[in-house]
file run_7.txt (compact mmCIF, C-alpha atoms and all ligand atoms)
# COMPACT_ATOMS: atom_id res chain seq x y z
CA MET B 255 0.00 0.00 0.00
CA ILE B 256 1.31 3.43 -0.93
CA SER B 257 -0.39 5.33 1.87
CA GLU B 258 -2.52 4.29 4.81
CA SER B 259 -4.85 7.19 3.97
CA ILE B 260 -6.10 5.34 0.91
CA GLY B 261 -9.01 2.93 1.07
CA VAL B 262 -12.01 1.71 -0.88
CA ASN B 263 -15.72 1.94 -0.07
CA ALA B 264 -18.77 -0.17 -0.80
CA LEU B 265 -19.24 1.54 -4.16
CA GLY B 266 -15.77 0.42 -5.20
CA ASN B 267 -14.55 4.03 -5.15
CA MET B 268 -11.19 5.06 -3.80
CA THR B 269 -11.29 6.90 -0.47
CA VAL B 270 -8.87 9.29 1.26
CA GLY B 271 -9.17 9.46 5.02
CA GLY B 272 -12.51 7.69 4.66
CA ALA B 273 -13.96 10.21 2.17
CA ASP B 274 -15.11 9.06 -1.25
CA CYS B 275 -12.87 10.65 -3.92
CA VAL B 276 -15.65 10.68 -6.50
CA ALA B 277 -17.97 12.49 -4.09
CA LEU B 278 -15.22 14.96 -3.17
CA ALA B 279 -14.62 15.69 -6.86
CA LYS B 280 -18.33 16.29 -7.31
CA GLN B 281 -18.66 18.52 -4.25
CA TYR B 282 -15.54 20.66 -4.71
CA ALA B 283 -14.80 20.19 -8.46
CA THR B 284 -11.39 19.25 -9.88
CA PRO B 285 -8.45 19.59 -9.83
CA LEU B 286 -8.56 19.16 -6.07
CA TYR B 287 -5.90 18.62 -3.45
CA VAL B 288 -7.14 16.30 -0.70
CA PHE B 289 -5.34 15.89 2.63
CA ASP B 290 -5.88 13.35 5.39
CA GLU B 291 -5.65 15.12 8.73
CA ALA B 292 -5.41 11.89 10.71
CA LEU B 293 -2.25 10.83 8.90
CA ILE B 294 -0.66 14.29 9.16
CA ARG B 295 -1.26 14.27 12.91
CA LYS B 296 -0.06 10.70 13.25
CA ASN B 297 3.17 11.56 11.45
CA CYS B 298 3.73 14.57 13.70
CA ARG B 299 3.24 12.37 16.77
CA GLU B 300 5.55 9.64 15.49
CA PHE B 301 8.38 12.08 14.91
CA LYS B 302 7.90 13.56 18.36
CA ALA B 303 7.64 10.16 20.01
CA SER B 304 10.84 8.98 18.36
CA ILE B 305 12.80 11.81 19.98
CA ASP B 306 11.18 11.01 23.33
CA GLU B 307 11.93 7.32 22.99
CA TYR B 308 15.48 7.38 21.65
CA TYR B 309 16.85 10.78 22.59
CA SER B 310 15.30 11.40 26.02
CA GLY B 311 13.04 14.06 24.54
CA ASN B 312 16.04 16.35 24.15
CA GLY B 313 14.97 17.78 20.82
CA MET B 314 12.26 19.34 18.78
CA VAL B 315 10.50 18.52 15.53
CA MET B 316 10.31 21.49 13.17
CA TYR B 317 7.90 20.95 10.29
CA ALA B 318 9.63 22.12 7.08
CA SER B 319 6.69 24.12 5.92
CA LYS B 320 7.82 24.65 2.35
CA ALA B 321 6.43 21.14 1.73
CA PHE B 322 2.89 22.48 2.20
CA SER B 323 2.39 25.94 3.59
CA CYS B 324 -1.05 27.30 4.36
CA LYS B 325 -2.81 28.56 7.47
CA GLU B 326 -4.48 25.28 8.37
CA MET B 327 -1.22 23.36 8.12
CA TYR B 328 0.49 25.72 10.59
CA ARG B 329 -2.53 25.37 12.92
CA ILE B 330 -2.34 21.59 12.79
CA VAL B 331 1.41 21.22 13.34
CA GLY B 332 1.34 23.93 16.01
CA SER B 333 -1.42 22.13 17.86
CA GLU B 334 0.69 18.95 17.78
CA GLY B 335 3.49 20.78 19.56
CA LEU B 336 5.80 20.98 16.58
CA GLY B 337 7.81 24.01 15.58
CA CYS B 338 8.23 24.90 11.95
CA ASP B 339 10.86 26.06 9.55
CA VAL B 340 10.20 28.79 7.04
CA VAL B 341 12.30 29.93 4.12
CA SER B 342 10.76 33.25 3.18
CA GLY B 343 8.97 36.26 4.57
CA GLY B 344 5.80 34.87 3.00
CA GLU B 345 5.98 31.57 4.85
CA LEU B 346 6.81 33.41 8.05
CA TYR B 347 3.86 35.74 7.53
CA THR B 348 1.50 32.79 6.97
CA ALA B 349 2.69 31.05 10.14
CA LEU B 350 2.41 34.20 12.25
CA SER B 351 -1.03 34.96 10.81
CA VAL B 352 -2.48 32.02 12.73
CA GLY B 353 -0.64 32.80 15.93
CA PHE B 354 2.21 30.31 15.51
CA ASN B 355 4.61 30.78 18.42
CA PRO B 356 7.53 32.70 16.85
CA GLU B 357 10.00 31.14 19.29
CA ASN B 358 9.27 27.80 17.63
CA ILE B 359 10.07 29.08 14.15
CA MET B 360 13.37 28.66 12.36
CA PHE B 361 14.18 30.86 9.42
CA HIS B 362 16.14 29.12 6.66
CA GLY B 363 17.14 30.13 3.15
CA ASN B 364 20.23 30.93 1.13
CA ASN B 365 19.39 34.54 0.33
CA LYS B 366 17.28 36.18 2.99
CA THR B 367 16.85 39.84 2.18
CA PRO B 368 17.61 42.52 4.79
CA GLU B 369 13.85 43.20 4.88
CA GLU B 370 13.13 39.53 5.63
CA LEU B 371 15.81 39.48 8.33
CA GLU B 372 14.39 42.57 9.97
CA TYR B 373 10.88 41.10 9.83
CA ALA B 374 12.13 37.87 11.40
CA LEU B 375 14.06 39.64 14.16
CA LYS B 376 11.18 41.98 14.97
CA SER B 377 8.79 39.03 15.07
CA GLY B 378 11.02 37.19 17.52
CA VAL B 379 11.66 34.04 15.48
CA GLY B 380 13.48 31.44 17.53
CA ARG B 381 16.48 30.79 15.29
CA ILE B 382 17.84 32.24 12.09
CA ILE B 383 19.87 29.68 10.17
CA VAL B 384 22.65 31.71 8.61
CA ASP B 385 23.69 30.61 5.14
CA ASN B 386 26.43 33.03 4.07
CA SER B 387 28.73 35.73 5.37
CA THR B 388 26.74 38.64 3.93
CA GLU B 389 23.79 37.45 5.94
CA LEU B 390 25.86 37.31 9.11
CA VAL B 391 26.93 40.92 8.58
CA ASN B 392 23.33 41.97 7.86
CA ILE B 393 21.98 40.25 10.98
CA GLU B 394 24.64 41.80 13.19
CA LYS B 395 23.78 45.23 11.79
CA ILE B 396 19.99 44.89 12.04
CA ALA B 397 20.08 43.29 15.49
CA THR B 398 22.34 46.09 16.74
CA GLU B 399 19.93 48.70 15.36
CA LEU B 400 17.00 46.93 16.99
CA ASN B 401 18.98 46.62 20.20
CA LEU B 402 18.46 42.89 20.49
CA LYS B 403 20.47 39.71 20.34
CA ALA B 404 19.82 37.43 17.37
CA ASN B 405 19.75 33.70 18.05
CA ILE B 406 21.41 31.98 15.12
CA MET B 407 22.73 28.67 13.90
CA LEU B 408 25.07 28.22 10.95
CA ARG B 409 24.20 26.06 7.97
CA ILE B 410 27.05 23.65 7.34
CA LYS B 411 27.65 21.33 4.38
CA PRO B 412 28.90 18.19 6.10
CA GLY B 413 30.25 16.76 2.84
CA VAL B 414 27.96 13.74 3.01
CA ASP B 415 26.62 12.36 -0.22
CA CYS B 416 23.28 10.62 -0.45
CA HIS B 417 21.48 8.76 -3.19
CA THR B 418 18.76 11.03 -4.43
CA HIS B 419 18.04 13.26 -7.39
CA ASP B 420 20.75 15.88 -8.12
CA TYR B 421 18.31 18.72 -7.68
CA ILE B 422 17.46 17.69 -4.14
CA ARG B 423 20.98 16.84 -2.93
CA THR B 424 22.34 19.55 -0.66
CA GLY B 425 25.04 18.15 1.63
CA GLN B 426 27.96 18.05 -0.82
CA ILE B 427 30.52 20.82 -1.28
CA ASP B 428 29.08 21.94 -4.62
CA SER B 429 25.79 23.18 -3.21
CA LYS B 430 24.42 26.68 -2.98
CA PHE B 431 23.48 26.13 0.66
CA GLY B 432 25.71 26.82 3.62
CA PHE B 433 29.39 26.73 4.52
CA ALA B 434 31.74 23.91 3.59
CA LEU B 435 33.70 22.00 6.20
CA GLU B 436 36.49 20.69 3.98
CA ASN B 437 37.99 24.06 3.09
CA GLY B 438 37.81 25.67 6.51
CA GLU B 439 35.01 28.03 5.49
CA ALA B 440 32.69 26.73 8.22
CA MET B 441 35.23 27.21 11.02
CA GLU B 442 36.12 30.67 9.80
CA ILE B 443 32.51 31.89 9.83
CA ALA B 444 31.79 30.22 13.18
CA LEU B 445 34.69 32.07 14.78
CA LYS B 446 33.48 35.28 13.19
CA ALA B 447 29.91 34.74 14.43
CA ALA B 448 31.21 34.12 17.95
CA GLU B 449 32.68 37.60 17.97
CA CYS B 450 29.53 39.41 16.89
CA LYS B 451 28.13 41.49 19.75
CA SER B 452 24.47 41.24 18.73
CA ILE B 453 24.56 37.58 17.75
CA ASN B 454 24.11 34.54 19.90
CA LEU B 455 25.57 31.48 18.14
CA LEU B 456 23.60 28.52 19.46
CA GLY B 457 24.75 25.76 17.19
CA PHE B 458 24.98 24.30 13.73
CA ASP B 459 22.61 23.01 11.10
CA CYS B 460 22.88 20.61 8.20
CA HIS B 461 20.40 19.25 5.70
CA ILE B 462 21.82 16.68 3.33
CA GLY B 463 18.99 16.33 0.83
CA SER B 464 15.51 15.02 0.34
CA GLN B 465 13.68 11.75 -0.36
CA ILE B 466 16.47 9.73 1.30
CA PHE B 467 15.85 6.11 2.30
CA GLU B 468 19.16 5.15 3.89
CA THR B 469 20.00 5.79 7.53
CA GLU B 470 23.79 5.94 7.03
CA PRO B 471 24.02 9.42 5.51
CA PHE B 472 22.04 10.84 8.45
CA CYS B 473 24.27 9.09 10.98
CA ASP B 474 27.41 10.14 9.14
CA ALA B 475 26.25 13.74 8.99
CA ALA B 476 25.33 13.76 12.69
CA VAL B 477 28.77 12.48 13.72
CA ILE B 478 30.61 14.86 11.37
CA MET B 479 28.61 17.77 12.79
CA LEU B 480 29.32 16.78 16.37
CA SER B 481 33.04 16.52 15.57
CA PHE B 482 32.82 20.00 14.12
CA MET B 483 31.19 21.27 17.31
CA ASN B 484 34.07 19.70 19.19
CA ASP B 485 36.67 21.33 16.91
CA PHE B 486 34.92 24.64 17.35
CA ARG B 487 35.09 24.24 21.12
CA ALA B 488 38.81 23.58 20.86
CA LYS B 489 39.39 26.69 18.74
CA SER B 490 37.04 29.11 20.47
CA GLY B 491 36.48 27.81 23.95
CA ILE B 492 32.74 27.93 23.25
CA THR B 493 30.56 24.85 23.71
CA VAL B 494 27.47 25.27 21.54
CA SER B 495 24.52 23.17 22.58
CA GLU B 496 22.28 22.76 19.55
CA LEU B 497 22.45 20.60 16.45
CA ASP B 498 19.92 20.74 13.65
CA LEU B 499 19.96 17.60 11.52
CA GLY B 500 17.55 18.81 8.83
CA GLY B 501 14.92 16.72 7.10
CA GLY B 502 14.85 14.62 3.97
CA PHE B 503 13.28 11.36 5.13
CA GLY B 504 11.93 9.46 2.13
CA VAL B 505 8.26 8.69 1.54
CA LYS B 506 6.42 6.21 -0.63
CA TYR B 507 5.49 7.47 -4.07
CA VAL B 508 5.36 4.01 -5.65
CA GLU B 509 5.31 0.48 -4.23
CA THR B 510 9.07 0.01 -4.74
CA ASP B 511 9.96 2.96 -2.48
CA GLY B 512 11.14 1.41 0.78
CA ALA B 513 10.31 4.11 3.31
CA LEU B 514 11.51 3.16 6.79
CA PRO B 515 9.47 4.01 9.88
CA PHE B 516 10.97 7.23 11.15
CA LYS B 517 11.86 5.80 14.51
CA VAL B 518 14.45 3.62 12.81
CA PHE B 519 16.27 6.77 11.69
CA MET B 520 16.02 8.27 15.14
CA GLU B 521 17.20 5.12 16.86
CA LYS B 522 20.33 4.94 14.72
CA VAL B 523 21.09 8.65 14.71
CA SER B 524 20.69 8.81 18.51
CA LYS B 525 23.05 5.89 18.95
CA ALA B 526 25.63 7.45 16.62
CA LEU B 527 25.39 10.80 18.39
CA LYS B 528 25.63 9.33 21.86
CA GLU B 529 28.70 7.29 20.90
CA ALA B 530 30.39 10.29 19.31
CA SER B 531 29.59 12.50 22.25
CA GLU B 532 31.16 10.00 24.63
CA ARG B 533 34.20 9.50 22.43
CA LEU B 534 34.78 13.25 22.10
CA ASN B 535 33.74 14.03 25.63
CA PHE B 536 31.32 16.57 24.23
CA PRO B 537 27.93 17.15 25.89
CA ILE B 538 24.99 15.60 24.06
CA PRO B 539 23.40 18.45 22.11
CA LYS B 540 19.75 19.34 21.83
CA ILE B 541 18.69 18.28 18.36
CA TYR B 542 16.22 19.55 15.83
CA ILE B 543 14.84 17.56 12.96
CA GLU B 544 12.99 19.13 10.06
CA PRO B 545 10.70 16.70 8.29
CA GLY B 546 8.61 18.19 5.50
CA ARG B 547 7.72 15.62 2.88
CA SER B 548 7.44 12.85 5.47
CA ILE B 549 4.82 14.77 7.48
CA VAL B 550 2.48 15.56 4.63
CA GLY B 551 3.51 13.75 1.44
CA GLU B 552 1.61 10.49 1.80
CA ALA B 553 -1.33 12.30 3.38
CA GLY B 554 -2.15 14.07 0.13
CA VAL B 555 -3.86 13.03 -3.09
CA THR B 556 -4.71 15.12 -6.13
CA LEU B 557 -7.96 14.48 -7.99
CA TYR B 558 -8.47 15.34 -11.66
CA THR B 559 -11.14 14.74 -14.28
CA VAL B 560 -10.12 12.93 -17.44
CA GLY B 561 -11.00 15.18 -20.39
CA ALA B 562 -9.62 13.28 -23.39
CA VAL B 563 -7.92 10.00 -24.22
CA LYS B 564 -5.71 10.21 -27.31
CA THR B 565 -4.14 7.06 -28.70
CA ILE B 566 -1.28 7.52 -31.15
CA LYS B 567 -1.01 4.19 -32.90
CA ASP B 568 2.21 2.32 -32.13
CA VAL B 569 3.44 5.24 -30.03
CA ARG B 570 1.45 5.78 -26.82
CA THR B 571 -1.82 6.90 -25.32
CA TYR B 572 -2.15 10.31 -23.72
CA VAL B 573 -4.69 10.69 -20.95
CA ALA B 574 -5.47 14.41 -20.65
CA ILE B 575 -6.46 15.81 -17.26
CA ASP B 576 -7.80 19.19 -16.15
CA GLY B 577 -4.59 20.08 -14.26
CA GLY B 578 -0.93 19.26 -14.77
CA MET B 579 2.43 20.97 -14.24
CA ALA B 580 0.74 24.11 -12.92
CA ASP B 581 -0.55 22.21 -9.87
CA ASN B 582 2.18 19.55 -9.82
CA PRO B 583 5.49 20.42 -11.50
CA ARG B 584 7.41 17.54 -9.93
CA TYR B 585 7.47 15.25 -12.96
CA ALA B 586 8.57 18.09 -15.21
CA LEU B 587 11.21 19.12 -12.66
CA TYR B 588 12.71 15.81 -11.69
CA GLN B 589 10.83 12.92 -13.28
CA ALA B 590 9.09 12.18 -10.01
CA GLU B 591 7.32 8.82 -9.90
CA TYR B 592 3.66 8.52 -8.98
CA ASP B 593 1.00 5.90 -8.57
CA ILE B 594 -2.03 6.64 -10.74
CA GLU B 595 -5.51 5.38 -9.90
CA ILE B 596 -8.88 5.86 -11.53
CA ALA B 597 -10.86 6.57 -8.37
CA ASN B 598 -14.23 5.42 -9.74
CA LYS B 599 -12.67 2.14 -10.97
CA TYR B 600 -10.39 1.56 -8.03
CA THR B 601 -11.12 -2.15 -7.67
CA GLU B 602 -10.58 -2.92 -11.37
CA PRO B 603 -7.23 -4.27 -12.56
CA LYS B 604 -4.68 -1.81 -13.94
CA SER B 605 -4.77 -3.22 -17.43
CA PHE B 606 -4.03 0.05 -19.20
CA ILE B 607 -0.76 1.93 -19.80
CA GLY B 608 -1.14 5.66 -20.28
CA THR B 609 0.80 8.90 -20.24
CA VAL B 610 -0.90 11.47 -18.06
CA ALA B 611 -0.79 14.87 -19.78
CA GLY B 612 -1.68 18.21 -18.27
CA LYS B 613 -3.43 21.05 -20.04
CA CYS B 614 -0.53 23.51 -20.25
CA CYS B 615 1.03 24.46 -23.57
CA GLU B 616 4.22 22.46 -22.98
CA SER B 617 5.01 19.01 -24.32
CA GLY B 618 6.79 18.40 -21.02
CA ASP B 619 3.60 19.01 -19.08
CA LEU B 620 3.23 15.43 -17.96
CA ILE B 621 2.43 13.87 -14.60
CA GLN B 622 3.63 10.39 -15.48
CA GLU B 623 4.68 8.52 -18.61
CA ASN B 624 3.54 5.05 -19.57
CA ALA B 625 2.03 4.37 -16.18
CA PRO B 626 -0.27 1.49 -15.32
CA MET B 627 -3.83 2.47 -14.45
CA GLN B 628 -7.39 1.23 -14.73
CA PRO B 629 -8.71 1.85 -18.28
CA PRO B 630 -9.60 5.57 -18.30
CA GLN B 631 -12.61 7.15 -19.98
CA VAL B 632 -13.63 10.75 -20.41
CA GLY B 633 -15.29 11.91 -17.19
CA ASP B 634 -13.44 9.51 -14.91
CA ILE B 635 -11.83 10.84 -11.73
CA MET B 636 -8.09 10.29 -11.72
CA ALA B 637 -6.20 10.24 -8.44
CA VAL B 638 -2.45 10.90 -8.25
CA LEU B 639 -1.12 9.60 -4.93
CA THR B 640 1.44 11.03 -2.50
CA THR B 641 1.01 14.60 -3.67
CA GLY B 642 0.77 16.22 -0.24
CA ALA B 643 4.28 17.68 -0.35
CA TYR B 644 5.78 20.07 -2.89
CA ASN B 645 2.64 20.18 -5.02
CA TYR B 646 0.37 22.98 -3.83
CA SER B 647 3.48 24.79 -2.57
CA MET B 648 5.07 24.62 -6.02
CA ALA B 649 1.91 25.41 -7.96
CA SER B 650 1.84 28.26 -10.44
CA ASN B 651 -0.66 30.13 -12.58
CA TYR B 652 1.05 29.14 -15.83
CA ASN B 653 -1.34 29.57 -18.73
CA ARG B 654 -3.47 31.49 -16.25
CA LEU B 655 -4.78 28.33 -14.72
CA CYS B 656 -6.45 28.91 -11.36
CA ARG B 657 -4.73 27.15 -8.49
CA PRO B 658 -6.95 24.30 -7.27
CA ALA B 659 -8.81 24.20 -3.99
CA ALA B 660 -7.56 22.08 -1.09
CA VAL B 661 -9.68 20.14 1.36
CA MET B 662 -8.79 18.51 4.65
CA VAL B 663 -10.48 15.22 5.37
CA ASN B 664 -10.92 13.79 8.83
CA ASN B 665 -12.67 10.47 9.35
CA GLY B 666 -14.72 10.83 6.20
CA GLU B 667 -15.68 14.47 6.84
CA SER B 668 -14.21 17.12 4.56
CA ARG B 669 -13.67 20.84 4.94
CA LEU B 670 -12.31 23.45 2.58
CA ILE B 671 -8.91 24.78 3.70
CA ILE B 672 -7.85 26.66 0.56
CA LYS B 673 -10.37 28.17 -1.83
CA ARG B 674 -10.07 27.57 -5.54
CA GLU B 675 -8.67 30.62 -7.30
CA THR B 676 -11.02 32.54 -9.54
CA PHE B 677 -10.48 34.50 -12.74
CA GLU B 678 -10.75 37.67 -10.64
CA ASP B 679 -7.87 36.41 -8.47
CA LEU B 680 -5.80 36.04 -11.62
CA ILE B 681 -6.09 39.69 -12.56
CA LYS B 682 -6.22 41.24 -9.12
CA ASN B 683 -2.62 42.52 -9.28
CA ASP B 684 -2.69 43.43 -12.97
CA ILE B 685 -2.75 47.16 -13.61
C1 LIG U 701 13.53 21.21 2.38
C2 LIG U 701 14.17 21.24 3.70
C3 LIG U 701 13.72 20.38 4.69
C4 LIG U 701 12.65 19.36 4.48
O1 LIG U 701 12.99 18.39 3.55
P1 LIG U 701 11.99 17.15 3.34
O2 LIG U 701 12.66 16.34 2.31
O3 LIG U 701 10.71 17.70 2.87
O4 LIG U 701 11.87 16.45 4.64
C5 LIG U 701 14.30 20.49 5.95
N1 LIG U 701 15.27 21.40 6.19
C6 LIG U 701 15.73 22.23 5.24
C7 LIG U 701 16.78 23.20 5.58
C8 LIG U 701 15.20 22.18 3.96
O5 LIG U 701 15.67 23.00 3.03

call {"tool": "encode", "arguments": {"input": "run_7.txt", "output": "C-alpha cells", "more": "lines below"}}
Ligand SMILES: *Cc1c(COP(=O)(O)O)cnc(C)c1O
result
Amino acid sequence: MISESIGVNALGNMTVGGADCVALAKQYATPLYVFDEALIRKNCREFKASIDEYYSGNGMVMYASKAFSCKEMYRIVGSEGLGCDVVSGGELYTALSVGFNPENIMFHGNNKTPEELEYALKSGVGRIIVDNSTELVNIEKIATELNLKANIMLRIKPGVDCHTHDYIRTGQIDSKFGFALENGEAMEIALKAAECKSINLLGFDCHIGSQIFETEPFCDAAVIMLSFMNDFRAKSGITVSELDLGGGFGVKYVETDGALPFKVFMEKVSKALKEASERLNFPIPKIYIEPGRSIVGEAGVTLYTVGAVKTIKDVRTYVAIDGGMADNPRYALYQAEYDIEIANKYTEPKSFIGTVAGKCCESGDLIQENAPMQPPQVGDIMAVLTTGAYNYSMASNYNRLCRPAAVMVNNGESRLIIKRETFEDLIKNDI
C-alpha cells in the first residue's frame, strides 16, 4: 500500500481518510488537493515520540513548511506541539497569521533579504539559520539597530553524499546552501559569528537532501557535525549546545519505495550521536529535525477529471487531465514517480498503460509517462497519490490556470482549507 490514507468503499470508489474521492470531486470540483488530517497528525506524533523514545526528549520537531504551507497546516502542526521552519517572509507571515509561536520558528534560506531578516528579528523568530557571510553581517547590523540579540545557527555542508536526485541533494561541497567543512570556510565563519556582539551562536545546522531512504548518511552527517562542534570548542572555547539535523526522510510514491518508519532513523542517529559524544567528551546536544515531505507527502492526493484520451497508434496513449504541471510540476522538474488510480474504478485491474498529460502548452507538461492504471474514460476521476508535499506549494498560474482548492479530510468528513482561485484572483494585481 502506498499510503494508509487510501481505502475503498462499498461503491468500489477510492477513499482518502474515509472520504469518497468521487464524491469529493463532485462537491468541490477538480483539480482538487485532498489531505488526510489523521495521517498528518499521526506523522507529527511519530516524529515527536521517536525523539522522546530514543533521545530522552532532548529535541524538537520542526515541520519544514515549504512542503505544504497554508494557514491550516500551521494550525495543525502547532497544535501537535511541533515548531516549523520557514524559508521566506511569506511563509513566516503565513505562520504568524495564525498565531504560531515565533519562538518555535526557524528561518532558513540561502538569500534572505535585509527586509526579511528585519521582519524575522522583529517578530522574535526562535532561530535564524545563517547561510552566508553577507547574511551574518546583515543580521549583526539589524540586530544592533534593533537593540536585540539574534539567536542563530550556521548552515554547514557536512560533505555527506546521499542517493537522491541531483536537484534535491544539498550536503555536498558543490551546493548553494551553507558553509563547507572541507575548506575551513565553516570554522572561519563560526569564529566570526562568535565575535559578533548582537549575535548569539547557538549551534549548527545541516540538511543533506531530500527523499532519502538510507539511515547511514544521516548518521554520518550527525557524527561529522558533532566533531565540528568539538573542533569549534577547541578553537574558540565555546561549547554550543544545539544541532539541527535537517529533514529529507523518504516517503512512498510508488510500491518500490522502501520508506523506513521514522523511529528507525532516530534510533540509529541517537546511537551514533551518543557514541560520538562519549568519544569526544562533548555534551549531548539538543537536536532539531525538520521533516517536511514525510509529514504531509503520503497524506495528500490530487484528484483530476479525465477530459480526453488520445491514442497515437504504435506510439502511446495520452490521458489528458484538467490540471498538470501548474498544480504539480514535480514530474517536469525531476521525473518524479507517482501511482495513478482511476478513483471510480479503483477495484478494477490496472490493465491500461497511459501517459498522463496536463493542459498547459508544454510538451513536457506530464504527470507520469507510460504508467499502469485502470482503463480511463472521459469523465473519470483520476487520483495521483502522495502529492501532499511540494505540489500545492510549487503550484503556479502558468497559462493562467487557477490554483486548485484544497480540502482537509478527517474520518470521512471534509472541509475546505484553501479556496479555488477565480479569474478575478488572476487579474487582481494586474494594472
Ligand atoms: C527542504 C528542507 C527540509 C525538508 O525536507 P523534506 O525532504 O521535505 O523532509 C528540511 N530542512 C531544510 C533546511 C530544507 O531545506

call {"tool": "axis_aligned_box", "arguments": {"input": "run_7.txt", "around": "segment 488-507 of chain B", "padding_each_side": "6 Å", "output": "JSON"}}
result
{"center_x": 22.4, "center_y": 17.7, "center_z": 9.9, "size_x": 45.9, "size_y": 34.9, "size_z": 40.0}

call {"tool": "closest_atom_pairs", "arguments": {"input": "run_7.txt", "of": "chain B", "to": "ligand LIG 701 (chain U)", "cutoff": "7 Å", "atoms": "only C-alpha atoms and all ligand atoms", "output": "tab-separated table"}}
result
residue	atom	partner	partner_atom	distance
B:Ala318	CA	U:LIG701	C4	4.8
B:Lys320	CA	U:LIG701	C1	6.7
B:Ala321	CA	U:LIG701	O3	5.6
B:His362	CA	U:LIG701	C7	6.1
B:His461	CA	U:LIG701	C7	5.4
B:Gly463	CA	U:LIG701	O2	6.5
B:Ser464	CA	U:LIG701	O2	3.7
B:Gln465	CA	U:LIG701	O2	5.4
B:Gly500	CA	U:LIG701	N1	4.3
B:Gly501	CA	U:LIG701	O4	3.9
B:Gly502	CA	U:LIG701	O2	3.2
B:Phe503	CA	U:LIG701	O4	5.3
B:Gly504	CA	U:LIG701	O2	6.9
B:Glu544	CA	U:LIG701	C5	4.5
B:Pro545	CA	U:LIG701	O4	3.8
B:Gly546	CA	U:LIG701	O3	3.4
B:Arg547	CA	U:LIG701	O3	3.6
B:Ser548	CA	U:LIG701	O4	5.8

call {"tool": "residues_around", "arguments": {"input": "run_7.txt", "residues": "segment 325-327 of chain B", "least_positions_apart": "5", "cutoff": "7 Å", "atoms": "all atoms listed in the file", "output": "JSON list (two decimals) with C-alpha atoms, keeping the file's coordinate frame"}}
result
[["chain", "number", "residue", "atom", "x", "y", "z"],
["B", 348, "THR", "CA", 1.50, 32.79, 6.97],
["B", 349, "ALA", "CA", 2.69, 31.05, 10.14],
["B", 352, "VAL", "CA", -2.48, 32.02, 12.73],
["B", 671, "ILE", "CA", -8.91, 24.78, 3.70]]

call {"tool": "closest_residue", "arguments": {"input": "run_7.txt", "among": "B:Ser387, B:Asn297, B:Asn405, B:Asn358", "to": "Leu375 of chain B", "atoms": "only C-alpha atoms"}}
result
B:Asn405

call {"tool": "closest_residue", "arguments": {"input": "run_7.txt", "among": "B:Arg299, B:Lys395, B:Arg381, B:Arg533", "to": "Met407 of chain B", "atoms": "only C-alpha atoms"}}
result
B:Arg381

call {"tool": "residues_around", "arguments": {"input": "run_7.txt", "residues": "segment 472-476 of chain B", "least_positions_apart": "2", "cutoff": "7 Å", "atoms": "all atoms listed in the file", "output": "compact mmCIF listing (two decimals) with C-alpha atoms, keeping the file's coordinate frame"}}
result
# COMPACT_ATOMS: atom_id res chain seq x y z
CA PRO B 412 28.90 18.19 6.10
CA VAL B 414 27.96 13.74 3.01
CA THR B 469 20.00 5.79 7.53
CA GLU B 470 23.79 5.94 7.03
CA ILE B 478 30.61 14.86 11.37
CA MET B 479 28.61 17.77 12.79
CA LEU B 480 29.32 16.78 16.37
CA LEU B 499 19.96 17.60 11.52
CA LYS B 522 20.33 4.94 14.72
CA VAL B 523 21.09 8.65 14.71
CA ALA B 526 25.63 7.45 16.62
CA LEU B 527 25.39 10.80 18.39

call {"tool": "residues_around", "arguments": {"input": "run_7.txt", "residues": "Asn355 of chain B", "least_positions_apart": "2", "cutoff": "10 Å", "atoms": "all atoms listed in the file", "output": "list in words"}}
result
Gly332, Gly337, Cys338, Ala349, Leu350, Val352, Gly353, Glu357, Asn358, Ile359, Ser377, Gly378, Val379 and Gly380 of chain B

call {"tool": "write_last_selection", "arguments": {"input": "run_7.txt", "atoms": "C-alpha atoms", "output": "PDB file, in the frame of the given file"}}
result
ATOM      1  CA  GLY B 332       1.340  23.930  16.010  1.00  0.00           C
ATOM      2  CA  GLY B 337       7.810  24.010  15.580  1.00  0.00           C
ATOM      3  CA  CYS B 338       8.230  24.900  11.950  1.00  0.00           C
ATOM      4  CA  ALA B 349       2.690  31.050  10.140  1.00  0.00           C
ATOM      5  CA  LEU B 350       2.410  34.200  12.250  1.00  0.00           C
ATOM      6  CA  VAL B 352      -2.480  32.020  12.730  1.00  0.00           C
ATOM      7  CA  GLY B 353      -0.640  32.800  15.930  1.00  0.00           C
ATOM      8  CA  GLU B 357      10.000  31.140  19.290  1.00  0.00           C
ATOM      9  CA  ASN B 358       9.270  27.800  17.630  1.00  0.00           C
ATOM     10  CA  ILE B 359      10.070  29.080  14.150  1.00  0.00           C
ATOM     11  CA  SER B 377       8.790  39.030  15.070  1.00  0.00           C
ATOM     12  CA  GLY B 378      11.020  37.190  17.520  1.00  0.00           C
ATOM     13  CA  VAL B 379      11.660  34.040  15.480  1.00  0.00           C
ATOM     14  CA  GLY B 380      13.480  31.440  17.530  1.00  0.00           C
TER      15      GLY B 380
END

call {"tool": "residues_around", "arguments": {"input": "run_7.txt", "residues": "Asn365 of chain B", "least_positions_apart": "6", "cutoff": "10 Å", "atoms": "only C-alpha atoms", "output": "NGL selection string"}}
result
:B and (341-342 or 384-386 or 388-389 or 430-431)

call {"tool": "atom_distance", "arguments": {"input": "run_7.txt", "atom1": "atom CA of Tyr572 of chain B", "atom2": "atom CA of Thr609 of chain B"}}
result
4.8 Å

call {"tool": "residues_around", "arguments": {"input": "run_7.txt", "residues": "Lys564 of chain B", "least_positions_apart": "6", "cutoff": "8 Å", "atoms": "only C-alpha atoms", "output": "list in words"}}
result
Thr571, Tyr572, Val573 and Ala574 of chain B

call {"tool": "write_last_selection", "arguments": {"input": "run_7.txt", "atoms": "C-alpha atoms", "output": "PDB file, in the coordinates of the input"}}
result
ATOM      1  CA  THR B 571      -1.820   6.900 -25.320  1.00  0.00           C
ATOM      2  CA  TYR B 572      -2.150  10.310 -23.720  1.00  0.00           C
ATOM      3  CA  VAL B 573      -4.690  10.690 -20.950  1.00  0.00           C
ATOM      4  CA  ALA B 574      -5.470  14.410 -20.650  1.00  0.00           C
TER       5      ALA B 574
END

call {"tool": "atom_distance", "arguments": {"input": "run_7.txt", "atom1": "atom CA of Pro626 of chain B", "atom2": "atom CA of Phe516 of chain B"}}
result
29.3 Å

call {"tool": "residues_near_point", "arguments": {"input": "run_7.txt", "point": "(34.1, 21.5, 3.9)", "cutoff": "9 Å", "atoms": "only C-alpha atoms", "output": "list in words"}}
result
Ile410, Lys411, Pro412, Gly413, Gln426, Ile427, Phe433, Ala434, Leu435, Glu436, Asn437, Gly438, Glu439 and Ala440 of chain B
